[in-house]
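Okay, structure first, notes after.
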Amino acid sequence: MPKKIVFIGAFLVGLALIYRVLSFTPELVSFSGPTMGTTYTVKLYTNKTAQNVGFIKDEIDLVLQQVNKTMSTYDPSSELSLLNQATINESIAISDELNYVIKTALEISEEAGGAYDITVGPLANLWGFGPQKQPDRVPTEQEIAQAKMRVGYQLLTVEDKQLLKNGNVYIDLSSIAKGFGVDQVASRLDEFGITSYLVEIGGEIVAKGTKDDGSLWRIAIEKPNGGHSIAQKIIDLDNVAIATSGDYRNYFERNGVRYSHLIDPKTGKPITHKLVSVTVIANSTVEADGYSTAINILGPDKGLDFAERKKLPVYMLVKTDLGFIEKYSSSFEPYLSID
């Protein structure tokens, strides 16, 4: 009799598990947390193989901790910080992650004619926008000239996961690391078998799949409006990534002059043109992140020309005396029909 009871009990448990699987209904869940000096948010639909949201969040936190441990300039023990401290003209082995991100950044630098440069760190620090925080002030021309001597993406060589610094350069990946973090999180969600999700880190976003009603994930491009979150444009994301670069949040003013955190490597000074926001859509967030910064530094005219040559979907907001005007590439036109 006890054996029968055990058998019946096991049979009933099996039936309960089968019923749970067969009757499973996808659920939209969301979680967030701090990372890379900002925050991340993940929205996803659970499925039969990925129901433990607490475990998924823990795994995502581990992914982001690893990205930070690899690419942070604020952590003196990160791989990037140790690389910045390494000897000049010495070949250094780097991780797959750092190899991929630095090579991608150098390719964008070449394409953008040097407007984008991950060695701009000394200038960013000089203007008070880097990890070596300083009081907001305008540097002297001599200080700018000295800092520029340590800037130049051409001084970096990456080959076979070996990096060579041909000068006393300082690498800062803040313009592309968040995009990489988004892609890493998305890759982990793919491994879990999750087919519908949206991942966001500091405004850099990737989306996959559709919502339970069959509609695409929808996001808003923010209007630069003095800190108030107002949508300028609504975009549906169909398995693509999107990143926005703007100078309307991170800046300081002195004697009525506004100094952006976006530094032009060629002048050594903050950008002065009227382009205040650039949104780029790409296949990966790391590309969207890097290209959005490059185009923002190039400015509205050169930036738009660059977008057309690269066939990038790009949306710009340019400041005028009366507010803002829109500019966009021909590849962005399909997104304009969205209500």
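Each chain of the structure tokens is named A, B, ... in the order shown, its residues numbered from 1; ligands are numbered from 1 in display order.
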Skip segment 285-298 of chain A itself and residues of its chain fewer than 6 positions away, then list as a compact mmCIF listing (two decimals) with C-alpha atoms, in the first residue's frame all residues within 6 Å of it, counting only C-alpha atoms.
# COMPACT_ATOMS: atom_id res chain seq x y z
CA ALA A 115 35.59 63.15 -35.32
CA TYR A 116 35.08 60.18 -33.02
CA ILE A 176 30.36 53.06 -26.63
CA GLY A 179 25.86 50.09 -26.11
CA PHE A 180 28.07 47.05 -25.64
CA ALA A 241 19.03 48.87 -31.75
CA ILE A 242 18.76 52.61 -31.17
CA ALA A 243 20.99 55.13 -29.43
CA SER A 245 23.59 61.28 -28.27
CA VAL A 278 21.25 62.60 -32.72
Distance query Thr73 of chain A at most 10 Å, only C-alpha atoms, self and fewer than 6 positions along chain excluded, as number ranges by chain: A: 36, 79-82, 84, 121, 130-132, 170-174
Leaving out Ser330 of chain A and any residue of its chain fewer than 5 positions from it, which residues lie within 9 Å of it when counting only C-alpha atoms, given as a list of chain:residue names?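 Counting only C-alpha atoms, the residues come to A:Ala307, A:Glu308, A:Lys311, A:Leu312, A:Pro313, A:Val314.
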Considering only C-alpha atoms, give me a table of residues in segment 34-152 of chain A that are at most 9 Å from segment 190-193 of chain A, with the closest atom pair and distance in Å for each, as JSON lines.
{"residue": "A:Asn47", "atom": "CA", "partner": "A:Gly193", "partner_atom": "CA", "distance": 8.1}
{"residue": "A:Thr49", "atom": "CA", "partner": "A:Gly193", "partner_atom": "CA", "distance": 6.9}
{"residue": "A:Ala50", "atom": "CA", "partner": "A:Phe192", "partner_atom": "CA", "distance": 6.3}
{"residue": "A:Ile56", "atom": "CA", "partner": "A:Phe192", "partner_atom": "CA", "distance": 8.2}
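A straight line drawn from atom CA of Leu98 of chain A to atom CA of Glu159 of chain A is 11.9 Å long.
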